[in-house]
Amino acid sequence: MKTEIVKEILDQYGEQATDSPFERSFYSRDLAPVPELLVGPLFKTLPDIVVRPANTEEVSDILKTAWKYTIPVTPRAGGSTVYFNTVPLHKGILMDLNLLKGVVAVDEAAMTVTVKPATTWIELERYLSGKGLAPKSFPSSTPVATIGGWFSMLGYGIGSLKYGSLLSQVRSIEVVTPEGKARRLTRDTQPSLEWFAAAEGTLGIVTELEVEIRHQTQLKHYLLQCSDPLEMRDKMQAVIKGAEVPFNLHFTDQECLQGMKTLGIAPGGLDHGYLLAVDYEGSDQELEQAEKIIQTITEKNQSVRLLPVETAELEWEEKFKAMRLKRGGPSLLGAEIWLPIKNLPQYLADVRKMSQSYNFKLFSYGHVVTPDYATVMTTFNADEMHTIRYIINLSLVKKLHDIGYRYGGSPYGVGLWNAPMIGRIHQPSELKRLKKIKRDLDGKGTMNPGKVYRAPFILNPLNYALAMDMLAGIRKVFGRGW
Amino acid sequence: MSQKPETLYTTLEKEALICARCGYCRTDCPIYKVIGWESASPRGKVSFSREIFAHKQRRDIPEEFVRRLAQCTLCGSCAVACSTTIDLRRLWLDLRQRLAEAGQEPQAYVNLRDTLAAHKNITNFSNDERLEWAQDLDDPESIEPRSGADVCYFVGCVSSFFPQAAEVPLATAQILHEAECDFTTMGGEEWCCGFPLLGAGYADEARKFIRHNVEKIKAMDIHTLIASCPSCYHVWKHDSREVLKGYDLKIQHTTEYLAQLIKEGKIQLNELDEVITYHDPCDLGRNSGIYEAPRAIINSIPGVKFVEMAHNKDYALCCGGGGNLQSVDPENAARIAALRVEEIQATGASIVVSACQQCEQMLTAAIRKENLPIRVLDISQLILEAL
């Protein structure tokens, strides 16, 4: 990026922009501690400048400048993803959107809230709670995830089983397109707001969202201890088919439970079984109905144990803190997979085999987010202090995705690191359609380049598969004690 | 997935690696709210610490990083939010200690340390003047140091020496007299509790102050100590444990002690027709777990309508006055106070009560700046008004 353009932006935005190497360095990574040894030779992740626009006009103005000079723009707010979704690959402008924050309006007649994109879900939840209202769903990273960020990802999480994905709840958005035009979009406009959901900031920057909300209701929590994955899956399906749909349906496998036990954080101090957390929300009548569903499930089968309500409530309270597993690390690697529920037992069985084969512990947990699919997270501890071993361990993430793929699953989210597996995420015709949308809206390719649609050459699917499989082989032979 | 854990701390190097960089700590961090750059967020600071101390990728500690480390109120909201349960407050103290060991601490900290070494309090006044505030009592001599009293009131530097905070010890002493408590003070033998030194990274120096105070309390044969300053209370309750080992000393914040006096009927409160909100001081609430005693006092006053702020108890916003922030960055400290005042105003309260002279000073300044019709009172002043 030319010095005079950097200076032009600095002059215009004053304290809202910086080219300080110290400040910029904080934007060159996301949650994933990928070693510089791996990233440095491939990408330029240090942005030339970081700008913090305060309104739609400023977003538009910055994008116009980027468009004019063909400068890459990487949008970022919560910065809480792991696939480099919000990390620049080719320097350029990093747009920190965190000044675009706050509730614009609540329409209680229409039951919608209009928010700025960098409002975090916890901020929205607190705001609505004061009015007896609540979001219909929220991510498992609610304390940091933003409304705009979750919309730009796939938007499935807690509440999705009952109320659908975030996309299904968004009535309209304001978006600034790559050339800097601000537009208000609905499902009926051209382009449709649907194009921007899960686009990971590659088509423009969302500056406002109108989202459906619900009335705040009571919650009731249940925690079931099942003896094996098959039984857990069957109970999961029985719950889903019940007359009352749970607000949240979450599972924890036995290995994860044992890992938590080691860290002193297992629910009720348990160390065996497969846990199914079932959380209902609704009226007294609906909660009574829910109680009957749980009674029926647990009464019919003696091997399913209903854990004390206090344990279930604590499980709910701690729902955002899955990362505590990292204390066993210090690092944590893993794969998040969009998986058919029906195949969950087979997936977990193969994960167990992999665990034995590579001699390491794998922890799985996840949320059921549609009647047929769950987002399953399988993680393992690693140590980033041993760089070579750590890089070799990264290959096991691909092995986990291979298991998921075997059972009809695909990576959840793309960014950079899952781009080599884009063929598993989208059918060829769908991918072709997405690429056309990208070309139509961002002909110059300035918006968040290098993400989502195709992997960079060095990470093309063939290279990626060969390299990862080779490293996994090395890990299997030499790394059994790691 | 879980059993609620306490916050944990091993070493700076290990915790910096354990940090998930998830950013949960950002949402309620007061300094991130007013500065906004990622480098000012708790996760940003931990990430940079990881590069320096765990990965040892750089030998120097850049000046910009030193500035960011000093820009923290030690409010502990990051530790409440932390997804990996790191005791981040301890981590910040550890980091400031590393700065001091490297001789890179801010000059303001050095000045503070020198002042404390010379005067045993945070001002330039002689420590013998600690009871100057008591001249406004009916019987100033009644609080002169005395061995064997039932209770010793540890007044704290700010309340002892700053005229605008003197109302706190005055009200406290008057209430204790009213309840006919047998109490005393340490007078000129009360040294700074050590909290400002801990917050500046001088743990060894702080220990000398802690040891002195503990020895004097033992010599005075005191077995119940009360403190009105939450930071003094925190040091007595948490950081003096080792030195106090084997000595029977009950340590209470004045809100706990006064709530008990009210419960026992030793203080009778009259009606006050006011809408009141309460600001939780970080060192009393989030960092010491005392939430109910001050609320019980307020709710025991007939006629009072108590209203909580949007952020309260564990999630209360900081006033900006902690962590020695004012000494290095008064502008941002004031901006943080202004954010809290917005919440106070939203409650519609005519009085905001707190239990910390520093919080009250910060909130008073911010309320005055906005010219709002809201009174700031210490909880002891509120009780005195209702007597």
# chains A, B, ... in the order shown; residues from 1 in each chain; ligands from 1

call {"tool": "residues_around", "arguments": {"residues": "Lys476 of chain A", "least_positions_apart": "5", "cutoff": "9 Å", "atoms": "only C-alpha atoms", "output": "CSV table (one decimal) with N, CA and C atoms, in the first residue's frame"}}
result
chain,number,residue,atom,x,y,z
A,357,SER,N,-5.3,-44.7,17.9
A,357,SER,CA,-4.3,-44.9,16.9
A,357,SER,C,-3.1,-43.9,17.0
A,358,TYR,N,-3.4,-42.7,17.4
A,358,TYR,CA,-2.4,-41.6,17.5
A,358,TYR,C,-2.0,-41.4,19.0
A,359,ASN,N,-2.6,-42.1,19.9
A,359,ASN,CA,-2.2,-42.1,21.3
A,359,ASN,C,-2.4,-40.7,21.9
A,471,LEU,N,2.2,-35.4,7.1
A,471,LEU,CA,2.5,-35.0,8.5
A,471,LEU,C,1.8,-35.9,9.5

call {"tool": "closest_atom_pairs", "arguments": {"of": "chain B", "to": "chain A", "cutoff": "9 Å", "atoms": "only C-alpha atoms", "output": "JSON lines"}}
result
{"residue": "B:Met1", "atom": "CA", "partner": "A:Glu315", "partner_atom": "CA", "distance": 5.1}
{"residue": "B:Ser2", "atom": "CA", "partner": "A:Pro267", "partner_atom": "CA", "distance": 4.2}
{"residue": "B:Gln3", "atom": "CA", "partner": "A:Ile265", "partner_atom": "CA", "distance": 4.5}
{"residue": "B:Lys4", "atom": "CA", "partner": "A:Ile265", "partner_atom": "CA", "distance": 6.6}
{"residue": "B:Pro5", "atom": "CA", "partner": "A:Ile265", "partner_atom": "CA", "distance": 6.4}
{"residue": "B:Lys14", "atom": "CA", "partner": "A:Pro330", "partner_atom": "CA", "distance": 7.2}
{"residue": "B:Glu15", "atom": "CA", "partner": "A:Pro330", "partner_atom": "CA", "distance": 8.1}
{"residue": "B:Ala16", "atom": "CA", "partner": "A:Pro330", "partner_atom": "CA", "distance": 9.0}
{"residue": "B:Leu17", "atom": "CA", "partner": "A:Pro330", "partner_atom": "CA", "distance": 5.6}
{"residue": "B:Ile18", "atom": "CA", "partner": "A:Pro330", "partner_atom": "CA", "distance": 4.7}
{"residue": "B:Cys19", "atom": "CA", "partner": "A:Lys326", "partner_atom": "CA", "distance": 8.0}
{"residue": "B:Ala20", "atom": "CA", "partner": "A:Leu31", "partner_atom": "CA", "distance": 6.5}
{"residue": "B:Arg21", "atom": "CA", "partner": "A:Leu31", "partner_atom": "CA", "distance": 5.3}
{"residue": "B:Cys22", "atom": "CA", "partner": "A:Ser80", "partner_atom": "CA", "distance": 5.5}
{"residue": "B:Gly23", "atom": "CA", "partner": "A:Val144", "partner_atom": "CA", "distance": 5.8}
{"residue": "B:Tyr24", "atom": "CA", "partner": "A:Val144", "partner_atom": "CA", "distance": 5.0}
{"residue": "B:Cys25", "atom": "CA", "partner": "A:Val144", "partner_atom": "CA", "distance": 8.0}
{"residue": "B:Arg26", "atom": "CA", "partner": "A:Val144", "partner_atom": "CA", "distance": 7.2}
{"residue": "B:Thr27", "atom": "CA", "partner": "A:Val144", "partner_atom": "CA", "distance": 6.5}
{"residue": "B:Gly36", "atom": "CA", "partner": "A:Asn98", "partner_atom": "CA", "distance": 7.5}
{"residue": "B:Trp37", "atom": "CA", "partner": "A:Glu23", "partner_atom": "CA", "distance": 7.5}
{"residue": "B:Glu38", "atom": "CA", "partner": "A:Phe26", "partner_atom": "CA", "distance": 6.2}
{"residue": "B:Ser39", "atom": "CA", "partner": "A:Glu23", "partner_atom": "CA", "distance": 6.1}
{"residue": "B:Gly44", "atom": "CA", "partner": "A:Phe26", "partner_atom": "CA", "distance": 6.5}
{"residue": "B:Ser47", "atom": "CA", "partner": "A:Phe26", "partner_atom": "CA", "distance": 8.2}
{"residue": "B:Phe48", "atom": "CA", "partner": "A:Phe26", "partner_atom": "CA", "distance": 8.1}
{"residue": "B:Ala54", "atom": "CA", "partner": "A:Met385", "partner_atom": "CA", "distance": 8.1}
{"residue": "B:His55", "atom": "CA", "partner": "A:Met385", "partner_atom": "CA", "distance": 7.0}
{"residue": "B:Pro62", "atom": "CA", "partner": "A:Phe22", "partner_atom": "CA", "distance": 8.6}
{"residue": "B:Glu64", "atom": "CA", "partner": "A:Phe22", "partner_atom": "CA", "distance": 7.4}
{"residue": "B:Phe65", "atom": "CA", "partner": "A:Phe22", "partner_atom": "CA", "distance": 8.3}
{"residue": "B:Ala81", "atom": "CA", "partner": "A:Pro143", "partner_atom": "CA", "distance": 7.8}
{"residue": "B:Cys82", "atom": "CA", "partner": "A:Lys321", "partner_atom": "CA", "distance": 8.2}
{"residue": "B:Ser83", "atom": "CA", "partner": "A:Lys321", "partner_atom": "CA", "distance": 4.9}
{"residue": "B:Thr84", "atom": "CA", "partner": "A:Arg324", "partner_atom": "CA", "distance": 4.3}
{"residue": "B:Thr85", "atom": "CA", "partner": "A:Arg324", "partner_atom": "CA", "distance": 6.9}
{"residue": "B:Ala310", "atom": "CA", "partner": "A:Gly130", "partner_atom": "CA", "distance": 8.0}
{"residue": "B:His311", "atom": "CA", "partner": "A:Arg126", "partner_atom": "CA", "distance": 8.9}

call {"tool": "select_by_dssp", "arguments": {"residues": "segment 83-312 of chain B", "states": "alpha helix (DSSP H)", "output": "PyMOL selection string"}}
result
chain B and resi 88-101+107-119+157-161+167-178+195-200+203-219+230-234+241-244+254-263+292-299

call {"tool": "write_last_selection", "arguments": {"atoms": "C-alpha atoms", "output": "short mmCIF file (atom, residue, chain, number, x, y, z; two decimals), in the first residue's frame"}}
result
data_model
loop_
_atom_site.label_atom_id
_atom_site.label_comp_id
_atom_site.auth_asym_id
_atom_site.auth_seq_id
_atom_site.Cartn_x
_atom_site.Cartn_y
_atom_site.Cartn_z
CA LEU B 88 -6.27 -11.96 35.30
CA ARG B 89 -6.05 -9.48 38.13
CA ARG B 90 -3.08 -11.44 39.45
CA LEU B 91 -1.65 -11.58 35.97
CA TRP B 92 -1.75 -7.77 35.66
CA LEU B 93 -0.05 -7.41 39.05
CA ASP B 94 2.57 -9.93 37.95
CA LEU B 95 3.18 -8.00 34.75
CA ARG B 96 3.57 -4.71 36.58
CA GLN B 97 6.06 -6.42 38.87
CA ARG B 98 8.01 -7.53 35.80
CA LEU B 99 8.06 -3.93 34.59
CA ALA B 100 9.36 -2.73 37.94
CA GLU B 101 12.02 -5.44 37.99
CA GLN B 107 7.66 7.47 36.46
CA ALA B 108 4.42 8.06 38.36
CA TYR B 109 4.87 4.67 40.05
CA VAL B 110 8.43 5.53 41.05
CA ASN B 111 7.21 8.81 42.55
CA LEU B 112 4.49 6.96 44.44
CA ARG B 113 6.98 4.46 45.83
CA ASP B 114 9.33 7.24 46.94
CA THR B 115 6.52 9.17 48.61
CA LEU B 116 5.40 6.08 50.48
CA ALA B 117 8.94 5.29 51.57
CA ALA B 118 9.34 8.80 52.93
CA HIS B 119 5.94 9.40 54.53
CA CYS B 157 -4.67 7.18 53.38
CA VAL B 158 -7.30 8.90 51.23
CA SER B 159 -9.85 9.23 54.04
CA SER B 160 -7.16 10.34 56.48
CA PHE B 161 -5.52 13.04 54.39
CA GLU B 167 -16.61 12.85 55.59
CA VAL B 168 -16.23 9.08 55.38
CA PRO B 169 -14.24 8.53 58.61
CA LEU B 170 -16.21 11.28 60.34
CA ALA B 171 -19.51 9.61 59.56
CA THR B 172 -18.13 6.17 60.39
CA ALA B 173 -16.82 7.34 63.77
CA GLN B 174 -20.09 9.09 64.62
CA ILE B 175 -22.11 5.97 63.79
CA LEU B 176 -19.80 3.79 65.88
CA HIS B 177 -20.18 6.26 68.79
CA GLU B 178 -23.95 6.24 68.32
CA PHE B 195 -2.28 -1.60 47.93
CA PRO B 196 -0.83 1.22 45.77
CA LEU B 197 2.57 -0.50 45.91
CA LEU B 198 1.11 -3.86 44.90
CA GLY B 199 -0.71 -2.15 42.03
CA ALA B 200 2.51 -0.50 40.89
CA ALA B 203 5.31 -6.39 45.96
CA ASP B 204 8.39 -6.55 48.21
CA GLU B 205 7.95 -2.97 49.40
CA ALA B 206 4.24 -3.60 49.94
CA ARG B 207 5.07 -6.53 52.21
CA LYS B 208 7.04 -4.21 54.52
CA PHE B 209 3.96 -2.02 54.96
CA ILE B 210 1.73 -5.03 55.50
CA ARG B 211 4.12 -6.46 58.10
CA HIS B 212 4.29 -3.16 59.98
CA ASN B 213 0.52 -2.82 60.19
CA VAL B 214 0.05 -6.40 61.29
CA GLU B 215 2.70 -6.07 64.00
CA LYS B 216 1.05 -2.93 65.37
CA ILE B 217 -2.37 -4.57 65.42
CA LYS B 218 -0.93 -7.50 67.31
CA ALA B 219 0.83 -5.15 69.74
CA PRO B 230 -12.23 -1.47 49.91
CA SER B 231 -8.61 -1.62 48.77
CA CYS B 232 -7.30 -1.53 52.37
CA TYR B 233 -9.91 -4.16 53.21
CA HIS B 234 -8.77 -6.32 50.29
CA ARG B 241 -3.01 -13.74 55.41
CA GLU B 242 0.51 -15.10 55.57
CA VAL B 243 1.76 -12.48 58.04
CA LEU B 244 -1.38 -12.93 60.14
CA THR B 254 -17.39 -1.29 57.45
CA THR B 255 -20.49 -2.19 55.41
CA GLU B 256 -20.45 -5.68 56.93
CA TYR B 257 -19.93 -4.33 60.44
CA LEU B 258 -22.56 -1.59 60.12
CA ALA B 259 -25.09 -3.96 58.56
CA GLN B 260 -24.65 -6.20 61.60
CA LEU B 261 -25.16 -3.24 63.98
CA ILE B 262 -28.39 -2.38 62.15
CA LYS B 263 -29.54 -6.00 62.28
CA GLU B 292 -25.25 -7.94 50.06
CA ALA B 293 -24.11 -5.95 53.13
CA PRO B 294 -24.32 -2.50 51.48
CA ARG B 295 -27.63 -3.38 49.83
CA ALA B 296 -28.99 -4.63 53.14
CA ILE B 297 -28.09 -1.28 54.74
CA ILE B 298 -29.77 0.75 52.00
CA ASN B 299 -32.87 -1.45 52.05
#

call {"tool": "select_by_dssp", "arguments": {"residues": "segment 6-121 of chain A", "states": "strand (DSSP E)", "output": "JSON, numbers by chain"}}
result
{"A": [17, 18, 49, 50, 51, 73, 74, 75, 76, 93, 94, 95, 96, 103, 104, 105, 106, 107, 112, 113, 114, 115]}

call {"tool": "closest_residue", "arguments": {"among": "A:Leu161, A:Leu128, A:Ile294, A:Met153", "to": "Met111 of chain A", "atoms": "only C-alpha atoms"}}
result
A:Leu128

call {"tool": "residues_around", "arguments": {"residues": "Ser165 of chain A", "least_positions_apart": "4", "cutoff": "8 Å", "atoms": "only C-alpha atoms", "output": "list in words"}}
result
Ser137, Leu154, Gly155, Tyr156, Gly157, Ser160 and Gln169 of chain A

call {"tool": "residues_around", "arguments": {"residues": "Gln302 of chain A", "least_positions_apart": "2", "cutoff": "12 Å", "atoms": "only C-alpha atoms", "output": "PDB file with C-alpha atoms, in the first residue's frame"}}
result
ATOM      1  CA  LEU A 224     -29.255 -36.614  31.060  1.00  0.00           C
ATOM      2  CA  GLN A 225     -26.431 -39.088  31.552  1.00  0.00           C
ATOM      3  CA  CYS A 226     -26.492 -41.751  28.850  1.00  0.00           C
ATOM      4  CA  SER A 227     -24.385 -44.893  28.857  1.00  0.00           C
ATOM      5  CA  GLU A 231     -28.279 -44.197  23.400  1.00  0.00           C
ATOM      6  CA  GLN A 295     -40.083 -37.964  32.169  1.00  0.00           C
ATOM      7  CA  THR A 296     -41.115 -40.228  29.320  1.00  0.00           C
ATOM      8  CA  ILE A 297     -37.554 -40.509  28.041  1.00  0.00           C
ATOM      9  CA  THR A 298     -36.000 -41.232  31.401  1.00  0.00           C
ATOM     10  CA  GLU A 299     -38.764 -43.491  32.732  1.00  0.00           C
ATOM     11  CA  LYS A 300     -38.729 -45.755  29.713  1.00  0.00           C
ATOM     12  CA  VAL A 304     -30.549 -42.988  31.296  1.00  0.00           C
ATOM     13  CA  ARG A 305     -30.014 -41.036  34.465  1.00  0.00           C
ATOM     14  CA  LEU A 306     -31.577 -37.655  35.093  1.00  0.00           C
TER      15      LEU A 306
END

call {"tool": "closest_residue", "arguments": {"among": "B:Pro373, B:Pro30, B:Gly103, B:Gly76", "to": "Glu63 of chain B", "atoms": "only C-alpha atoms"}}
result
B:Gly103

call {"tool": "atom_distance", "arguments": {"atom1": "atom CA of Ile205 of chain A", "atom2": "atom CA of Ser28 of chain A"}}
result
19.4 Å

call {"tool": "residues_around", "arguments": {"residues": "Lys7 of chain A", "least_positions_apart": "4", "cutoff": "10 Å", "atoms": "only C-alpha atoms", "output": "number ranges by chain"}}
result
A: 2-3, 11-13, 17-19, 49

call {"tool": "write_last_selection", "arguments": {"atoms": "N, CA, C and O atoms", "output": "mmCIF file, in the first residue's frame"}}
result
data_model
loop_
_atom_site.group_PDB
_atom_site.id
_atom_site.type_symbol
_atom_site.label_atom_id
_atom_site.label_comp_id
_atom_site.auth_asym_id
_atom_site.auth_seq_id
_atom_site.Cartn_x
_atom_site.Cartn_y
_atom_site.Cartn_z
ATOM 1 N N LYS A 2 0.591 2.169 -0.890
ATOM 2 C CA LYS A 2 1.469 3.332 -1.052
ATOM 3 C C LYS A 2 1.421 4.220 0.185
ATOM 4 O O LYS A 2 0.351 4.440 0.781
ATOM 5 N N THR A 3 2.583 4.767 0.537
ATOM 6 C CA THR A 3 2.709 5.601 1.726
ATOM 7 C C THR A 3 1.738 6.780 1.708
ATOM 8 O O THR A 3 1.154 7.137 2.733
ATOM 9 N N ASP A 11 -4.536 11.176 7.876
ATOM 10 C CA ASP A 11 -4.913 12.596 7.996
ATOM 11 C C ASP A 11 -6.413 12.730 8.168
ATOM 12 O O ASP A 11 -6.902 13.530 8.958
ATOM 13 N N GLN A 12 -7.134 11.919 7.421
ATOM 14 C CA GLN A 12 -8.594 12.048 7.433
ATOM 15 C C GLN A 12 -9.207 11.506 8.726
ATOM 16 O O GLN A 12 -10.147 12.080 9.252
ATOM 17 N N TYR A 13 -8.636 10.424 9.244
ATOM 18 C CA TYR A 13 -9.290 9.762 10.381
ATOM 19 C C TYR A 13 -8.623 10.010 11.733
ATOM 20 O O TYR A 13 -9.139 9.574 12.762
ATOM 21 N N ALA A 17 -7.416 6.116 13.236
ATOM 22 C CA ALA A 17 -6.578 5.305 12.342
ATOM 23 C C ALA A 17 -5.158 5.238 12.895
ATOM 24 O O ALA A 17 -4.732 6.129 13.615
ATOM 25 N N THR A 18 -4.481 4.151 12.587
ATOM 26 C CA THR A 18 -3.089 4.039 13.039
ATOM 27 C C THR A 18 -2.265 3.227 12.055
ATOM 28 O O THR A 18 -2.766 2.282 11.450
ATOM 29 N N ASP A 19 -0.995 3.643 11.907
ATOM 30 C CA ASP A 19 -0.055 2.813 11.151
ATOM 31 C C ASP A 19 1.089 2.387 12.070
ATOM 32 O O ASP A 19 2.121 1.907 11.606
ATOM 33 N N ILE A 49 -2.472 -0.493 7.595
ATOM 34 C CA ILE A 49 -3.137 0.527 8.403
ATOM 35 C C ILE A 49 -4.385 -0.094 9.039
ATOM 36 O O ILE A 49 -5.011 -0.982 8.447
#

call {"tool": "residues_around", "arguments": {"residues": "His215 of chain A", "least_positions_apart": "3", "cutoff": "9 Å", "atoms": "only C-alpha atoms", "output": "list in words"}}
result
Met111, Lys131, Gly132, Leu133, Ala134, Pro135 and Lys136 of chain A

call {"tool": "write_last_selection", "arguments": {"atoms": "all heavy atoms", "output": "PDB file, in the first residue's frame"}}
result
ATOM      1  N   MET A 111     -41.787  -6.987  16.865  1.00  0.00           N
ATOM      2  CA  MET A 111     -40.853  -7.862  17.582  1.00  0.00           C
ATOM      3  C   MET A 111     -39.516  -7.977  16.834  1.00  0.00           C
ATOM      4  O   MET A 111     -39.038  -9.072  16.507  1.00  0.00           O
ATOM      5  CB  MET A 111     -41.460  -9.245  17.831  1.00  0.00           C
ATOM      6  CG  MET A 111     -42.520  -9.223  18.914  1.00  0.00           C
ATOM      7  SD  MET A 111     -41.896  -8.618  20.518  1.00  0.00           S
ATOM      8  CE  MET A 111     -41.052 -10.050  21.135  1.00  0.00           C
ATOM      9  N   LYS A 131     -36.021  -4.963  28.997  1.00  0.00           N
ATOM     10  CA  LYS A 131     -37.353  -4.681  28.460  1.00  0.00           C
ATOM     11  C   LYS A 131     -38.226  -5.941  28.429  1.00  0.00           C
ATOM     12  O   LYS A 131     -39.272  -5.961  27.787  1.00  0.00           O
ATOM     13  CB  LYS A 131     -37.221  -4.136  27.027  1.00  0.00           C
ATOM     14  CG  LYS A 131     -36.483  -2.811  26.958  1.00  0.00           C
ATOM     15  CD  LYS A 131     -36.338  -2.368  25.515  1.00  0.00           C
ATOM     16  CE  LYS A 131     -35.605  -1.042  25.423  1.00  0.00           C
ATOM     17  NZ  LYS A 131     -36.232   0.071  26.128  1.00  0.00           N
ATOM     18  N   GLY A 132     -37.737  -7.009  29.080  1.00  0.00           N
ATOM     19  CA  GLY A 132     -38.515  -8.254  29.093  1.00  0.00           C
ATOM     20  C   GLY A 132     -38.454  -8.979  27.767  1.00  0.00           C
ATOM     21  O   GLY A 132     -39.317  -9.799  27.448  1.00  0.00           O
ATOM     22  N   LEU A 133     -37.416  -8.682  26.981  1.00  0.00           N
ATOM     23  CA  LEU A 133     -37.278  -9.295  25.650  1.00  0.00           C
ATOM     24  C   LEU A 133     -35.972 -10.088  25.586  1.00  0.00           C
ATOM     25  O   LEU A 133     -35.131  -9.980  26.483  1.00  0.00           O
ATOM     26  CB  LEU A 133     -37.281  -8.200  24.575  1.00  0.00           C
ATOM     27  CG  LEU A 133     -38.518  -7.296  24.554  1.00  0.00           C
ATOM     28  CD1 LEU A 133     -38.257  -6.066  23.687  1.00  0.00           C
ATOM     29  CD2 LEU A 133     -39.732  -8.060  24.041  1.00  0.00           C
ATOM     30  N   ALA A 134     -35.797 -10.836  24.502  1.00  0.00           N
ATOM     31  CA  ALA A 134     -34.569 -11.639  24.370  1.00  0.00           C
ATOM     32  C   ALA A 134     -34.304 -11.944  22.902  1.00  0.00           C
ATOM     33  O   ALA A 134     -35.231 -11.962  22.091  1.00  0.00           O
ATOM     34  CB  ALA A 134     -34.727 -12.947  25.150  1.00  0.00           C
ATOM     35  N   PRO A 135     -33.027 -12.215  22.560  1.00  0.00           N
ATOM     36  CA  PRO A 135     -32.747 -12.671  21.190  1.00  0.00           C
ATOM     37  C   PRO A 135     -33.323 -14.084  21.016  1.00  0.00           C
ATOM     38  O   PRO A 135     -33.437 -14.830  21.986  1.00  0.00           O
ATOM     39  CB  PRO A 135     -31.211 -12.735  21.130  1.00  0.00           C
ATOM     40  CG  PRO A 135     -30.694 -12.169  22.401  1.00  0.00           C
ATOM     41  CD  PRO A 135     -31.809 -12.144  23.385  1.00  0.00           C
ATOM     42  N   LYS A 136     -33.655 -14.416  19.793  1.00  0.00           N
ATOM     43  CA  LYS A 136     -34.199 -15.761  19.553  1.00  0.00           C
ATOM     44  C   LYS A 136     -33.109 -16.827  19.635  1.00  0.00           C
ATOM     45  O   LYS A 136     -33.375 -17.972  19.980  1.00  0.00           O
ATOM     46  CB  LYS A 136     -34.861 -15.812  18.174  1.00  0.00           C
ATOM     47  CG  LYS A 136     -36.229 -15.141  18.146  1.00  0.00           C
ATOM     48  CD  LYS A 136     -36.900 -15.376  16.812  1.00  0.00           C
ATOM     49  CE  LYS A 136     -38.379 -15.039  16.901  1.00  0.00           C
ATOM     50  NZ  LYS A 136     -39.044 -15.247  15.596  1.00  0.00           N
TER      51      LYS A 136
END

call {"tool": "closest_residue", "arguments": {"among": "A:Ile474, A:Ala110, A:Ala238, A:Tyr280", "to": "Arg214 of chain A", "atoms": "only C-alpha atoms"}}
result
A:Ala110

call {"tool": "decode", "arguments": {"residues": "segment 317-327 of chain A", "atoms": "N, CA and C atoms", "output": "PDB file, in the first residue's frame"}}
result
ATOM      1  N   GLU A 317     -25.439 -22.325  33.059  1.00  0.00           N
ATOM      2  CA  GLU A 317     -24.723 -21.090  33.428  1.00  0.00           C
ATOM      3  C   GLU A 317     -23.346 -21.022  32.776  1.00  0.00           C
ATOM      4  N   GLU A 318     -22.704 -22.167  32.650  1.00  0.00           N
ATOM      5  CA  GLU A 318     -21.326 -22.202  32.135  1.00  0.00           C
ATOM      6  C   GLU A 318     -21.276 -22.480  30.634  1.00  0.00           C
ATOM      7  N   LYS A 319     -22.393 -22.257  29.955  1.00  0.00           N
ATOM      8  CA  LYS A 319     -22.511 -22.670  28.543  1.00  0.00           C
ATOM      9  C   LYS A 319     -21.540 -21.982  27.592  1.00  0.00           C
ATOM     10  N   PHE A 320     -20.999 -20.827  27.998  1.00  0.00           N
ATOM     11  CA  PHE A 320     -20.085 -20.116  27.087  1.00  0.00           C
ATOM     12  C   PHE A 320     -18.614 -20.454  27.352  1.00  0.00           C
ATOM     13  N   LYS A 321     -18.370 -21.380  28.278  1.00  0.00           N
ATOM     14  CA  LYS A 321     -16.984 -21.548  28.708  1.00  0.00           C
ATOM     15  C   LYS A 321     -16.346 -22.883  28.305  1.00  0.00           C
ATOM     16  N   ALA A 322     -16.648 -23.335  27.098  1.00  0.00           N
ATOM     17  CA  ALA A 322     -16.051 -24.587  26.619  1.00  0.00           C
ATOM     18  C   ALA A 322     -14.535 -24.490  26.545  1.00  0.00           C
ATOM     19  N   MET A 323     -14.017 -23.276  26.387  1.00  0.00           N
ATOM     20  CA  MET A 323     -12.567 -23.112  26.236  1.00  0.00           C
ATOM     21  C   MET A 323     -11.784 -23.455  27.497  1.00  0.00           C
ATOM     22  N   ARG A 324     -12.490 -23.736  28.587  1.00  0.00           N
ATOM     23  CA  ARG A 324     -11.771 -24.106  29.809  1.00  0.00           C
ATOM     24  C   ARG A 324     -10.918 -25.355  29.601  1.00  0.00           C
ATOM     25  N   LEU A 325     -11.289 -26.137  28.587  1.00  0.00           N
ATOM     26  CA  LEU A 325     -10.493 -27.327  28.270  1.00  0.00           C
ATOM     27  C   LEU A 325      -9.051 -26.956  27.931  1.00  0.00           C
ATOM     28  N   LYS A 326      -8.876 -25.707  27.559  1.00  0.00           N
ATOM     29  CA  LYS A 326      -7.542 -25.249  27.177  1.00  0.00           C
ATOM     30  C   LYS A 326      -6.573 -25.278  28.352  1.00  0.00           C
ATOM     31  N   ARG A 327      -7.098 -25.276  29.555  1.00  0.00           N
ATOM     32  CA  ARG A 327      -6.202 -25.320  30.724  1.00  0.00           C
ATOM     33  C   ARG A 327      -5.389 -26.614  30.753  1.00  0.00           C
TER      34      ARG A 327
END
